[in-house]
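Structure file coords29.tsv (TSV, C-alpha atoms) is printed below.
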chain	number	residue	atom	x	y	z
A	1	MET	CA	43.83	-6.37	13.73
A	2	ALA	CA	44.86	-7.75	17.12
A	3	ALA	CA	47.06	-4.69	17.76
A	4	LEU	CA	44.17	-2.35	16.88
A	5	LYS	CA	41.78	-4.11	19.26
A	6	SER	CA	44.40	-3.99	22.02
A	7	PHE	CA	44.94	-0.25	21.45
A	8	LEU	CA	41.21	0.48	21.59
A	9	ASP	CA	40.77	-1.62	24.72
A	10	GLN	CA	43.44	0.39	26.53
A	11	HIS	CA	41.50	3.63	25.97
A	12	PHE	CA	37.98	2.36	26.56
A	13	LYS	CA	36.91	-1.15	27.39
A	14	ILE	CA	35.59	-3.09	24.40
A	15	LYS	CA	34.13	-6.56	24.03
A	16	ASP	CA	35.34	-8.80	21.22
A	17	LEU	CA	32.24	-10.33	19.62
A	18	GLY	CA	34.24	-12.36	17.11
A	19	SER	CA	33.61	-12.33	13.38
A	20	VAL	CA	30.88	-9.97	12.21
A	21	HIS	CA	27.56	-11.60	11.36
A	22	TYR	CA	24.94	-8.89	12.04
A	23	PHE	CA	25.39	-5.13	12.11
A	24	LEU	CA	22.73	-2.38	11.86
A	25	GLY	CA	20.32	-4.69	10.09
A	26	LEU	CA	22.97	-5.98	7.69
A	27	GLU	CA	23.61	-9.73	7.76
A	28	VAL	CA	27.16	-10.78	6.88
A	29	THR	CA	27.79	-14.33	5.68
A	30	LYS	CA	31.27	-15.70	5.01
A	31	VAL	CA	31.46	-17.77	1.83
A	32	LEU	CA	34.31	-19.26	-0.16
A	33	GLN	CA	34.42	-16.26	-2.50
A	34	GLY	CA	34.42	-13.64	0.27
A	35	TYR	CA	31.49	-12.14	2.18
A	36	VAL	CA	27.84	-11.68	1.24
A	37	ILE	CA	26.01	-8.76	2.85
A	38	ASN	CA	22.22	-9.01	2.75
A	39	GLN	CA	19.11	-7.95	4.68
A	40	TYR	CA	17.13	-11.15	4.73
A	41	LYS	CA	15.50	-10.65	8.15
A	42	TYR	CA	14.70	-7.02	7.28
A	43	THR	CA	13.08	-8.13	4.01
A	44	ARG	CA	11.11	-10.87	5.76
A	45	ASP	CA	9.82	-8.32	8.28
A	46	LEU	CA	8.70	-6.13	5.38
A	47	PHE	CA	6.62	-8.97	3.97
A	48	GLN	CA	4.94	-9.44	7.32
A	49	GLU	CA	4.36	-5.74	7.99
A	50	PHE	CA	2.72	-5.12	4.60
A	51	HIS	CA	0.87	-8.47	4.49
A	52	CYS	CA	2.81	-9.95	1.57
A	53	LEU	CA	3.55	-13.40	2.98
A	54	ASP	CA	1.29	-15.08	0.43
A	55	VAL	CA	1.53	-13.17	-2.83
A	56	LYS	CA	2.19	-13.98	-6.44
A	57	ASN	CA	5.80	-13.14	-7.28
A	58	VAL	CA	6.81	-11.03	-10.31
A	59	LEU	CA	9.96	-10.99	-12.43
A	60	THR	CA	10.87	-7.28	-12.28
A	61	PRO	CA	10.73	-4.54	-9.60
A	62	LEU	CA	8.47	-2.30	-11.73
A	63	ASP	CA	6.17	-2.86	-14.67
A	64	PRO	CA	8.12	-1.30	-17.60
A	65	HIS	CA	4.85	-0.36	-19.30
A	66	ALA	CA	3.33	1.47	-16.32
A	67	LYS	CA	3.49	5.28	-16.43
A	68	LEU	CA	2.88	6.89	-13.04
A	69	THR	CA	1.71	10.49	-12.70
A	70	SER	CA	0.50	12.64	-9.82
A	71	GLU	CA	-2.97	13.15	-11.31
A	72	VAL	CA	-4.19	9.71	-12.39
A	73	GLY	CA	-5.94	7.44	-9.87
A	74	ASP	CA	-7.97	7.68	-6.68
A	75	PRO	CA	-6.41	9.33	-3.61
A	76	LEU	CA	-4.69	6.93	-1.22
A	77	PRO	CA	-6.70	6.69	2.06
A	78	ASP	CA	-3.59	6.39	4.28
A	79	PRO	CA	-0.57	8.18	2.71
A	80	SER	CA	1.65	7.34	5.70
A	81	LEU	CA	1.59	3.67	4.69
A	82	TYR	CA	3.16	4.44	1.31
A	83	ARG	CA	5.75	6.79	2.79
A	84	ARG	CA	6.76	4.21	5.39
A	85	LEU	CA	7.17	1.53	2.73
A	86	ILE	CA	9.29	3.76	0.47
A	87	GLY	CA	11.49	4.72	3.42
A	88	LYS	CA	12.08	1.06	4.26
A	89	LEU	CA	12.78	0.17	0.62
A	90	ASN	CA	15.26	3.05	0.51
A	91	PHE	CA	17.21	1.41	3.35
A	92	LEU	CA	16.93	-2.01	1.72
A	93	GLN	CA	18.55	-0.86	-1.52
A	94	HIS	CA	21.93	-0.71	0.28
A	95	THR	CA	22.20	-4.43	-0.43
A	96	ARG	CA	19.71	-4.62	-3.31
A	97	PRO	CA	20.96	-2.45	-6.18
A	98	ASP	CA	18.36	-4.07	-8.43
A	99	ILE	CA	15.60	-1.97	-6.81
A	100	SER	CA	17.50	1.36	-6.89
A	101	PHE	CA	15.66	2.78	-9.89
A	102	SER	CA	12.29	1.66	-8.53
A	103	VAL	CA	12.88	3.40	-5.20
A	104	GLN	CA	14.12	6.56	-6.95
A	105	HIS	CA	11.08	6.59	-9.22
A	106	LEU	CA	8.50	5.92	-6.51
A	107	SER	CA	10.06	8.51	-4.18
A	108	GLN	CA	8.88	11.26	-6.54
A	109	PHE	CA	5.26	10.72	-5.47
A	110	LEU	CA	5.45	11.20	-1.71
A	111	VAL	CA	3.20	14.28	-1.69
A	112	SER	CA	0.23	13.72	-3.99
A	113	LEU	CA	-0.38	10.02	-3.44
A	114	LYS	CA	-2.74	7.87	-5.50
A	115	VAL	CA	-3.75	4.22	-5.34
A	116	PRO	CA	-1.61	3.24	-8.41
A	117	HIS	CA	1.49	4.50	-6.56
A	118	MET	CA	0.82	2.10	-3.68
A	119	LEU	CA	0.16	-0.79	-6.06
A	120	ASP	CA	3.52	-0.22	-7.77
A	121	ALA	CA	5.28	-0.03	-4.39
A	122	LEU	CA	3.75	-3.38	-3.45
A	123	HIS	CA	4.91	-4.64	-6.86
A	124	VAL	CA	8.48	-4.14	-5.61
A	125	LEU	CA	7.74	-6.33	-2.58
A	126	ARG	CA	6.35	-9.03	-4.86
A	127	TYR	CA	9.62	-8.90	-6.79
A	128	LEU	CA	11.67	-9.22	-3.60
A	129	PHE	CA	9.72	-12.36	-2.76
A	130	ASN	CA	11.69	-14.18	-5.47
A	131	ALA	CA	14.95	-14.13	-3.46
A	132	PRO	CA	14.69	-12.23	-0.13
A	133	SER	CA	18.16	-13.38	0.98
A	134	GLN	CA	19.88	-11.89	-2.06
A	135	GLY	CA	22.73	-9.52	-1.27
A	136	ILE	CA	26.03	-8.01	-2.37
A	137	LEU	CA	29.12	-10.19	-2.71
A	138	LEU	CA	32.34	-8.60	-1.44
A	139	ASN	CA	34.81	-10.61	-3.49
A	140	ASN	CA	38.12	-11.74	-2.00
A	141	THR	CA	39.90	-11.98	-5.35
A	142	ALA	CA	43.39	-10.49	-5.61
A	143	ASP	CA	42.42	-8.40	-8.64
A	144	PHE	CA	41.92	-4.83	-7.36
A	145	SER	CA	40.69	-3.41	-10.67
A	146	LEU	CA	38.19	-0.55	-10.63
A	147	GLN	CA	35.53	-0.27	-13.36
A	148	ALA	CA	32.71	2.21	-13.95
A	149	TYR	CA	29.57	2.13	-16.09
A	150	SER	CA	27.60	5.20	-17.11
A	151	ASP	CA	24.18	5.46	-18.73
A	152	SER	CA	21.13	7.71	-18.98
A	153	ASP	CA	17.53	7.58	-20.17
A	154	TRP	CA	16.76	10.73	-22.13
A	155	ALA	CA	13.60	12.68	-21.14
A	156	ALA	CA	12.49	9.71	-19.03
A	157	CYS	CA	10.26	11.71	-16.68
A	158	PRO	CA	6.86	12.19	-18.36
A	159	ILE	CA	6.09	15.17	-16.11
A	160	SER	CA	9.26	17.32	-16.33
A	161	ARG	CA	10.98	15.57	-19.28
A	162	LYS	CA	14.20	15.45	-17.29
A	163	SER	CA	16.56	12.57	-17.96
A	164	VAL	CA	17.64	9.95	-15.44
A	165	THR	CA	21.33	9.35	-14.69
A	166	GLY	CA	22.58	5.93	-13.72
A	167	TYR	CA	26.12	4.80	-12.91
A	168	TYR	CA	27.57	1.63	-11.40
A	169	ILE	CA	31.12	1.24	-10.08
A	170	VAL	CA	32.72	-2.07	-9.12
A	171	LEU	CA	35.98	-2.90	-7.32
A	172	ARG	CA	37.29	-6.47	-7.57
A	173	GLY	CA	33.99	-7.32	-9.25
A	174	SER	CA	32.02	-6.09	-6.21
A	175	PRO	CA	29.69	-3.06	-6.36
A	176	ILE	CA	30.96	-0.19	-4.20
A	177	SER	CA	29.11	2.83	-5.59
A	178	ARG	CA	26.00	3.45	-7.69
A	179	LYS	CA	23.50	6.18	-8.44
A	180	SER	CA	20.03	6.43	-9.92
A	181	LYS	CA	18.92	10.05	-9.99
A	182	LYS	CA	16.91	12.44	-12.11
A	183	GLN	CA	19.07	15.13	-13.72
A	184	GLN	CA	18.61	18.70	-12.49
A	185	THR	CA	18.10	20.26	-15.92
A	186	VAL	CA	16.30	19.26	-19.11
A	187	SER	CA	18.71	17.85	-21.71
A	188	LEU	CA	18.11	18.92	-25.30
A	189	SER	CA	19.37	15.64	-26.77
A	190	SER	CA	20.17	12.09	-25.75
A	191	THR	CA	23.86	12.87	-26.26
A	192	GLU	CA	23.68	15.70	-23.74
A	193	ALA	CA	21.92	13.45	-21.23
A	194	GLU	CA	24.58	10.76	-21.70
A	195	TYR	CA	27.38	13.30	-21.27
A	196	ARG	CA	25.90	14.67	-18.05
A	197	ALA	CA	25.76	11.11	-16.71
A	198	LEU	CA	29.37	10.60	-17.84
A	199	ARG	CA	30.48	13.67	-15.91
A	200	LYS	CA	28.78	12.34	-12.75
A	201	VAL	CA	30.54	8.99	-12.86
A	202	VAL	CA	33.93	10.55	-13.66
A	203	ALA	CA	33.60	12.78	-10.58
A	204	GLU	CA	32.70	9.74	-8.46
A	205	VAL	CA	35.65	7.73	-9.82
A	206	THR	CA	38.03	10.63	-9.08
A	207	TRP	CA	36.82	10.76	-5.47
A	208	LEU	CA	36.99	6.99	-5.02
A	209	VAL	CA	40.57	6.79	-6.35
A	210	ARG	CA	41.64	9.45	-3.82
A	211	LEU	CA	39.80	7.64	-1.02
A	212	LEU	CA	41.38	4.30	-1.88
A	213	CYS	CA	44.79	6.00	-2.04
A	214	ASP	CA	44.27	7.28	1.52
A	215	MET	CA	43.61	3.66	2.49
A	216	SER	CA	46.96	2.62	0.91
A	217	LEU	CA	45.30	1.05	-2.13
A	218	VAL	CA	46.80	2.80	-5.14
A	219	ILE	CA	44.96	2.41	-8.45
A	220	SER	CA	47.89	2.62	-10.86
A	221	SER	CA	46.16	1.73	-14.14
A	222	HIS	CA	43.55	3.68	-16.09
A	223	VAL	CA	40.05	3.23	-14.71
A	224	PRO	CA	37.87	2.12	-17.63
A	225	VAL	CA	34.60	4.05	-17.85
A	226	TYR	CA	32.09	2.28	-20.08
A	227	CYS	CA	29.45	4.26	-21.95
A	228	ASP	CA	27.08	3.06	-24.67
A	229	SER	CA	26.89	6.45	-26.44
A	230	GLN	CA	29.40	6.86	-29.26
A	231	ALA	CA	28.48	10.55	-29.57
A	232	ALA	CA	29.26	11.29	-25.92
A	233	LEU	CA	32.61	9.53	-26.18
A	234	HIS	CA	33.45	11.49	-29.35
A	235	ILE	CA	32.72	14.79	-27.60
A	236	ALA	CA	34.95	13.84	-24.67
A	237	LYS	CA	37.87	12.97	-26.93
A	238	ASN	CA	37.43	15.85	-29.39
A	239	LEU	CA	39.37	18.97	-28.40
A	240	VAL	CA	37.26	21.29	-30.56
A	241	PHE	CA	33.96	22.60	-29.21
A	242	HIS	CA	31.14	22.75	-31.71
A	243	GLU	CA	28.13	25.03	-31.50
A	244	PRO	CA	25.66	22.31	-30.39
A	245	THR	CA	27.78	21.39	-27.35
A	246	LYS	CA	28.58	24.84	-25.95
A	247	HIS	CA	25.75	24.64	-23.37
A	248	ILE	CA	27.47	21.65	-21.73
A	249	GLU	CA	30.95	23.15	-21.98
A	250	VAL	CA	31.66	22.91	-18.23
A	251	ASP	CA	30.90	19.19	-18.18
A	252	CYS	CA	33.05	18.71	-21.28
A	253	HIS	CA	36.02	20.51	-19.75
A	254	TYR	CA	35.84	18.46	-16.55
A	255	VAL	CA	35.71	15.07	-18.27
A	256	ARG	CA	38.50	16.05	-20.68
A	257	ASP	CA	40.72	17.29	-17.86
A	258	VAL	CA	40.37	14.00	-15.98
A	259	LEU	CA	40.89	12.07	-19.22
A	260	SER	CA	44.08	14.00	-19.97
A	261	THR	CA	45.57	13.16	-16.56
A	262	GLY	CA	45.39	9.45	-17.40
A	263	LEU	CA	43.14	8.64	-14.45
A	264	ILE	CA	40.41	7.20	-16.67
A	265	SER	CA	40.01	5.70	-20.11
A	266	LEU	CA	36.72	5.96	-22.00
A	267	GLN	CA	35.41	2.75	-23.52
A	268	HIS	CA	32.35	2.02	-25.61
A	269	ILE	CA	30.09	-0.84	-24.53
A	270	SER	CA	26.93	-2.22	-26.09
A	271	THR	CA	23.63	-1.56	-24.36
A	272	THR	CA	23.12	-5.27	-23.71
A	273	HIS	CA	26.27	-5.33	-21.54
A	274	GLN	CA	25.73	-1.92	-19.89
A	275	LEU	CA	25.47	-2.63	-16.14
A	276	ALA	CA	24.07	0.84	-15.42
A	277	ASP	CA	21.11	0.25	-17.72
A	278	PHE	CA	18.92	-0.99	-14.86
A	279	LEU	CA	19.52	2.23	-12.88
A	280	ASN	CA	17.72	4.59	-15.25
A	281	LYS	CA	14.70	2.63	-16.48
A	282	ALA	CA	12.43	-0.28	-15.69
A	283	LEU	CA	13.53	-3.27	-17.75
A	284	THR	CA	11.53	-6.27	-18.88
A	285	GLY	CA	12.18	-9.70	-17.38
A	286	ILE	CA	14.91	-11.11	-19.64
A	287	PRO	CA	17.17	-7.98	-19.81
A	288	HIS	CA	16.71	-7.38	-16.08
A	289	HIS	CA	17.80	-10.86	-15.01
A	290	ARG	CA	20.59	-10.96	-17.60
A	291	LEU	CA	22.15	-7.88	-15.97
A	292	LEU	CA	21.36	-9.08	-12.46
A	293	SER	CA	23.69	-12.04	-12.91
A	294	LYS	CA	26.57	-9.64	-13.65
A	295	LEU	CA	26.07	-7.17	-10.79
A	296	GLY	CA	27.84	-9.09	-8.03
A	297	VAL	CA	24.49	-9.75	-6.32
A	298	PHE	CA	23.79	-13.25	-5.00
A	299	PRO	CA	21.93	-15.09	-2.22
A	300	PRO	CA	24.53	-16.47	0.25
A	301	SER	CA	23.46	-20.09	-0.13
A	302	SER	CA	23.85	-20.00	-3.92
A	303	LEU	CA	27.60	-19.51	-3.36
A	304	ARG	CA	27.69	-22.51	-1.06
A	305	GLY	CA	25.84	-24.78	-3.46
A	306	GLY	CA	22.56	-24.84	-1.52
A	307	GLY	CA	19.10	-23.41	-2.07
A	308	ASP	CA	17.92	-19.93	-1.16
A	309	GLY	CA	17.25	-20.94	2.44
A	310	VAL	CA	14.07	-18.87	2.59
A	311	GLN	CA	11.82	-19.83	5.51
A	312	LEU	CA	8.68	-18.44	3.92
A	313	PRO	CA	5.65	-19.94	2.20
A	314	SER	CA	6.52	-21.06	-1.33
A	315	PRO	CA	5.73	-18.19	-3.73
A	316	LYS	CA	3.13	-18.87	-6.37
A	317	LYS	CA	4.37	-19.18	-9.94
I need this file expressed as structure tokens, please.
Amino acid sequence: MAALKSFLDQHFKIKDLGSVHYFLGLEVTKVLQGYVINQYKYTRDLFQEFHCLDVKNVLTPLDPHAKLTSEVGDPLPDPSLYRRLIGKLNFLQHTRPDISFSVQHLSQFLVSLKVPHMLDALHVLRYLFNAPSQGILLNNTADFSLQAYSDSDWAACPISRKSVTGYYIVLRGSPISRKSKKQQTVSLSSTEAEYRALRKVVAEVTWLVRLLCDMSLVISSHVPVYCDSQAALHIAKNLVFHEPTKHIEVDCHYVRDVLSTGLISLQHISTTHQLADFLNKALTGIPHHRLLSKLGVFPPSSLRGGGDGVQLPSPKK
């Protein structure tokens, strides 16, 4: 590191600011287990900008029973307010993977805006009020294992009936890649939706392994890819195409080719332990917080044995 800084300084003068603690809105805190990256100040500014300093907190980012559409509700008087909030939440999800699905879902209503859309967006802020300093832990453990989780919610969109893909990839127990996105085509079965999600995560794992190799970190063992669909795993491991799966033949070939190279291994996992489950649907309180504790997401002070350190009015229970 010293040699690199000396080399850069010879070509153009640089100033050594010491250990990183704040960069592009990201706050970096050194803890015993590694580094926690959060956006506490950014989140606090959001509360102030949208007048949420004294609100009743909620347990989940979205109400799992709410069904938003573009037709129901009164028009929003100032659509720019909603669009600004969604844009800021989109930046915040870099360190808050627990709101990824909410941001993806609410981003679909940027054109024809209604009052219920704004209420649900403010619901996300009320959820963030629980722990605004929460962030991603970059673990300093010596175990450089890579793991991937794939899931989908079949026909989740009530408007287009397209499914939602979710995947979550961790390195050394720290999240390094994730996706919550509506699929481009309508899947004819839950198995097809799961397989399309599986193909997405396999492509991402393949790219990440090559990237890590360029950085002199060789992943020598099989990368386990966890999926909670037995049918999708059976299709990937079965060398015979059947009539019902011919329309996803390209996806099948890709996953099988990567599987045959030994880069990945496909593993079944129960839905209760599926980390990608929160990326394709709104969960109720208990399942949401059960997964949250396994995502590598913590407030910095919780890793130092202190409280949340939030300098805000105490949220109402």
Kindly provide the residues of region 47-148 of chain A that approach region 191-209 of chain A to within 10 Å, each paired with its closest atom pair and their distance in Å to one decimal, based on all atoms listed in the file, listed by chain and increasing number, as a tab-separated table.
residue	atom	partner	partner_atom	distance
A:Leu146	CA	A:Val205	CA	8.7
A:Gln147	CA	A:Val205	CA	8.7
A:Ala148	CA	A:Val201	CA	7.2
Any idea what the distance is between CA of Leu113 (chain A) and CA of Lys67 (chain A)? 14.4 Å
Got a sec: who's within 10 Å of Val115 (chain A), counting all atoms listed in the file, leaving out chain neighbours fewer than 2 positions off, as number ranges by chain? A: 72-79, 82, 113, 117-120
Can I get the selection written as an mmCIF file, keeping the file's coordinate frame, with C-alpha atoms?
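What landed in result25.cif:
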data_model
loop_
_atom_site.group_PDB
_atom_site.id
_atom_site.type_symbol
_atom_site.label_atom_id
_atom_site.label_comp_id
_atom_site.auth_asym_id
_atom_site.auth_seq_id
_atom_site.Cartn_x
_atom_site.Cartn_y
_atom_site.Cartn_z
ATOM 1 C CA VAL A 72 -4.190 9.710 -12.390
ATOM 2 C CA GLY A 73 -5.940 7.440 -9.870
ATOM 3 C CA ASP A 74 -7.970 7.680 -6.680
ATOM 4 C CA PRO A 75 -6.410 9.330 -3.610
ATOM 5 C CA LEU A 76 -4.690 6.930 -1.220
ATOM 6 C CA PRO A 77 -6.700 6.690 2.060
ATOM 7 C CA ASP A 78 -3.590 6.390 4.280
ATOM 8 C CA PRO A 79 -0.570 8.180 2.710
ATOM 9 C CA TYR A 82 3.160 4.440 1.310
ATOM 10 C CA LEU A 113 -0.380 10.020 -3.440
ATOM 11 C CA HIS A 117 1.490 4.500 -6.560
ATOM 12 C CA MET A 118 0.820 2.100 -3.680
ATOM 13 C CA LEU A 119 0.160 -0.790 -6.060
ATOM 14 C CA ASP A 120 3.520 -0.220 -7.770
#
Just how far from CA of Ala121 (chain A) is CA of Leu106 (chain A), in Å to one decimal? 7.1 Å
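Compared by their closest atoms to Gln108 (chain A), and using all atoms listed in the file, the residues A:Leu85, A:Leu68, A:Leu128, A:Leu259 rank with A:Leu68 nearest.
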Using 7 Å as the limit and counting all atoms listed in the file, can you tabulate each residue of region 133-152 of chain A that touches region 161-178 of chain A, with its shortest atom-to-atom distance in Å and the two atoms involved, as a Markdown table?
| residue | atom | partner | partner_atom | distance |
| --- | --- | --- | --- | --- |
| A:Leu137 | CA | A:Ser174 | CA | 6.1 |
| A:Leu138 | CA | A:Ser174 | CA | 5.4 |
| A:Asn139 | CA | A:Ser174 | CA | 6.0 |
| A:Thr141 | CA | A:Arg172 | CA | 6.5 |
| A:Asp143 | CA | A:Arg172 | CA | 5.6 |
| A:Phe144 | CA | A:Arg172 | CA | 4.9 |
| A:Ser145 | CA | A:Arg172 | CA | 5.5 |
| A:Leu146 | CA | A:Leu171 | CA | 4.6 |
| A:Gln147 | CA | A:Val170 | CA | 5.4 |
| A:Ala148 | CA | A:Ile169 | CA | 4.3 |
| A:Tyr149 | CA | A:Tyr168 | CA | 5.1 |
| A:Ser150 | CA | A:Tyr167 | CA | 4.5 |
| A:Asp151 | CA | A:Gly166 | CA | 5.3 |
| A:Ser152 | CA | A:Thr165 | CA | 4.6 |
Same residues, C-alpha atoms, output as a PDB file, keeping the file's coordinate frame:
ATOM      1  CA  LEU A 137      29.120 -10.190  -2.710  1.00  0.00           C
ATOM      2  CA  LEU A 138      32.340  -8.600  -1.440  1.00  0.00           C
ATOM      3  CA  ASN A 139      34.810 -10.610  -3.490  1.00  0.00           C
ATOM      4  CA  THR A 141      39.900 -11.980  -5.350  1.00  0.00           C
ATOM      5  CA  ASP A 143      42.420  -8.400  -8.640  1.00  0.00           C
ATOM      6  CA  PHE A 144      41.920  -4.830  -7.360  1.00  0.00           C
ATOM      7  CA  SER A 145      40.690  -3.410 -10.670  1.00  0.00           C
ATOM      8  CA  LEU A 146      38.190  -0.550 -10.630  1.00  0.00           C
ATOM      9  CA  GLN A 147      35.530  -0.270 -13.360  1.00  0.00           C
ATOM     10  CA  ALA A 148      32.710   2.210 -13.950  1.00  0.00           C
ATOM     11  CA  TYR A 149      29.570   2.130 -16.090  1.00  0.00           C
ATOM     12  CA  SER A 150      27.600   5.200 -17.110  1.00  0.00           C
ATOM     13  CA  ASP A 151      24.180   5.460 -18.730  1.00  0.00           C
ATOM     14  CA  SER A 152      21.130   7.710 -18.980  1.00  0.00           C
TER      15      SER A 152
END
Which residues are near region 56-65 of chain A? Cut-off 10 Å, only C-alpha atoms, ignore same chain within fewer than 3 positions. Put them as an MDAnalysis selection string. chainID A and resid 52:53 68 98:103 105:106 120:131 281:289 314:317
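Minimum atom-to-atom distances from A:His222, A:Lys294, A:Lys15, A:Lys179 to Ile264 (chain A) were compared using all atoms listed in the file, and the lowest value belongs to A:His222.
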Which residue gives the smallest distance to Ser180 (chain A) among A:Asp277, A:Glu49, A:Asp257, A:Asp228, with all atoms listed in the file counted? A:Asp277
When you count all atoms listed in the file, which of these residues is closest to Gly25 (chain A): A:Thr272, A:Cys213, A:Ile159, A:Thr95? A:Thr95
So how many Å separate CA of Ser19 (chain A) and CA of Ala3 (chain A), to one decimal? 16.1 Å
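Distance cut-off 6 Å, centre (24.7, -11.7, -2.5), atoms counted only C-alpha atoms; the residues meeting this are Val36, Gln134, Gly135, Ile136, Leu137, Val297, Phe298, Pro299 and Pro300 of chain A.
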